[in-house]
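This report refers to the structure that appears directly beneath it.
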Amino acid sequence: MARFQVHRAVLIPLFLIVSAPALSACQTPPATLSPAQEAALLTVTGSASYRERMAAPKGSVLKVDLSDTSRADAPAIPLADWSGSLDDGGVPKSFLLRVNEPLDPRFTYTLRATVTGPEGDLLWTTDTVHRISDVAGKVDAGTLMMVKVQPASAPEAPEVSGNAYRVTAIGGAPVKGTRPLEITFGEDGRVGGFGGCNSYGGSFKEMNARLTFGDLISTMMACVDHGIGAQETALHATLKGTVKVAPGTDGKVFLTGENATVLELTPDGEVGLAGTRWRVETMGATAIVAGSEPQITFTRDGQINGTTGCNRFFGGYTQSGGEVSFSGVGMTKMACLDDGIMAQEIAFTNILSGKARAKLDGLGNLVITGENGISFAARPLPADIEIAAFDPATLPGSAWTVEDLNRGGIIDNTVLTLTFTEAGRVSGSTGCNSLSGSYTATGTTLTFSPLVTTRRACIAPALNAQEARFTLALQGELTWRITADGALELTREGGHRVLLRR
């Protein structure tokens with residue numbers, strides 16, 4: 001036992017002895033350099049200070065940087081830095097910088113000193129250029145004098161009285177629903193609006209960037225959608241007591257309630273396009289072809305995509321308030337043979353050319369007016385779900401019943417179905433005949449083999465036409481997704497769309 005203890009006592013100091021040179025090597029030039037090479041390296045000493053007779057906040061840090069600033073059109077290249085806490089003595093504070101590589105005398109090297117606070121905010125900085133003329137040996141830079149950085153003045157909170165807004169986000173989550181949530185602050189101290197299911201009203205007072213609300217009175221209509229109901233409850237819970245008002249970009253206003261929930265208000269008539277989907281209902285004097293309505297999606301990364309009713313299109317967009325600019329718009333080249341489709345496509349794509357204006361009308365429709373003065377009005381669609389979330393294993397099971405065909409509904413008292421099996425087989429009913437075949441599915445696409453149907457004649461011509469539309473929609477490669485409310489949506493070019501539910 002004694003022998004083991006002796007070895008422990010010897011090993012510990014040996015470890016420390018070996019470690020010490022490794023740590024100090026980071027602070028000195030490499031040992032392999034010759035004396036002449038070491039003399040060619042640069043060491044800069046000096047101090048940094050500021051004139052104000054005040055201590056920096058506890059936790060502040062002084063930092064001195066040496067950088068290569070030779071290239072006027074490129075960022076500075078950092079070469080060495082030193083930093084130290086100001087909690088132990090404040091300024092002036094001495095520094096030492098060592099550059100462990102030779103410098104080129106043709107380049108320009110400058111020093112900068114800064115003091116940052118405990119939250120990382122800049123408090124003091126040098127405002128003049130401190131250039132190092134020597135590139136080797138020991139250089140005394142003297143005292144780097146810093147100036148106090150004036151904090152940026154906070155923007156004034158806007159007055160909301162006399163203005164109408166839409167509530168576009170609650171607690172950081174975008175508002176759901178097809179009808180906008182509205183809030184209007186009257187100049188007479190009255191407030192009112194629509195919360196998603198019910199209208200509400202009450203009183204408020206505005207003073208010093210704060211709103212004080214009286215009790216709000218609301219209608220009592222039940223919310224069928226639980227998500228919309230929870231959204232309305234959160235809105236009413238935030239509009240209680242004293243609420244802080246803060247400005248946002250593009251005229252937006254942020255209200256922070258006593259419950260710490262933040263409401264994002266967008267000036268009424270403007271619309272935030274990012275992350276929204278729309279289906280065109282009207283477009284100037286051009287008739288919209290039923291079942292082949294144009295659709296447009298605005299992604300959060302500045303892209304647009306959708307269908308003209310015949311061809312798929314794609315491109316980019318930027319938005320500033322009510323101004324929208326479209327760029328790089330292209331589309332597929334499928335011929336549009338149906339009556340009215342070509343005229344619809346031309347009118348729609350002309351609006352998506354160059355600059356446009358975007359706003360919401362009183363019914364929550366998106367109105368986009370192109371440079372040619374022609375507008376289209378579109379109804380909101382549920383936001384897209386990430387395609388990666390779709391699992392083909394969700395398709396098999398009980399039968400899917402068709403709820404809508406090409407956005408024209410289905411004939412009353414008819415039942416159209418599809419049933420998928422895990423073995424890749426599909427069967428169903430067209431309303432008149434049975435169908436069967438096979439399918440393959442990925443997370444984005446669904447492809448049917450040529451489907452076989454029985455030969456029973458439909459009783460009425462309208463049923464024949466519906467059967468034809470259904471079987472035509474199931475041909476070729478389709479895009480599939482599970483909608484936010486659990487429906488199965490199958491779509492393909494040419495305006496074909498089948499919406500089914502279990």
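Chain labels follow the order of the structure tokens: the first chain is A, the next B, and so on; residue numbering restarts at 1 in every chain, and ligands are counted from 1 in their shown order.
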
Need the shell around Tyr50 of chain A: protein/DNA/RNA residues with any atom at most 9 Å away, counting only C-alpha atoms. Skip same-chain ones fewer than 5 positions apart. Format as a PyMOL selection string? chain A and resi 91-92+124-125+144-148

Next, dump the selected residues to file, keeping only C-alpha atoms, as a PDB file, in the first residue's frame.
```pdb
ATOM      1  CA  VAL A  91      -8.954  52.410 -16.938  1.00  0.00           C
ATOM      2  CA  PRO A  92      -6.269  53.187 -17.929  1.00  0.00           C
ATOM      3  CA  TRP A 124     -16.635  53.090 -25.560  1.00  0.00           C
ATOM      4  CA  THR A 125     -14.543  52.874 -28.725  1.00  0.00           C
ATOM      5  CA  LEU A 144      -5.439  54.645 -27.035  1.00  0.00           C
ATOM      6  CA  MET A 145      -8.107  57.155 -26.017  1.00  0.00           C
ATOM      7  CA  MET A 146     -11.705  55.970 -26.444  1.00  0.00           C
ATOM      8  CA  VAL A 147     -14.890  58.030 -26.723  1.00  0.00           C
ATOM      9  CA  LYS A 148     -18.240  57.183 -25.178  1.00  0.00           C
TER      10      LYS A 148
END
```

Among segment 18-263 of chain A, which ones does DSSP assign to helix (DSSP H, G or I) (computed from the backbone)? Answer as a ChimeraX atom specification. /A:18-27,35-39,226-238,249-251

To one decimal place in Å, what is the distance between atom CA of Leu181 of chain A and atom CA of Gln231 of chain A?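 Going from atom CA of Leu181 of chain A over to atom CA of Gln231 of chain A covers 9.8 Å.
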
Can you measure atom CA of Ser70 of chain A to atom CA of Phe107 of chain A for me? One decimal in Å is fine. 5.4 Å

One-decimal distance in Å that lies between atom CA of Gly424 of chain A and atom CA of Gly486 of chain A: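 Rounded to one decimal, the two atoms are 21.5 Å apart.
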
Which of these residues is nearest to Leu211 of chain A, using only C-alpha atoms: A:Asn259, A:Ser292, A:Ser199, A:Ser161? A:Ser161
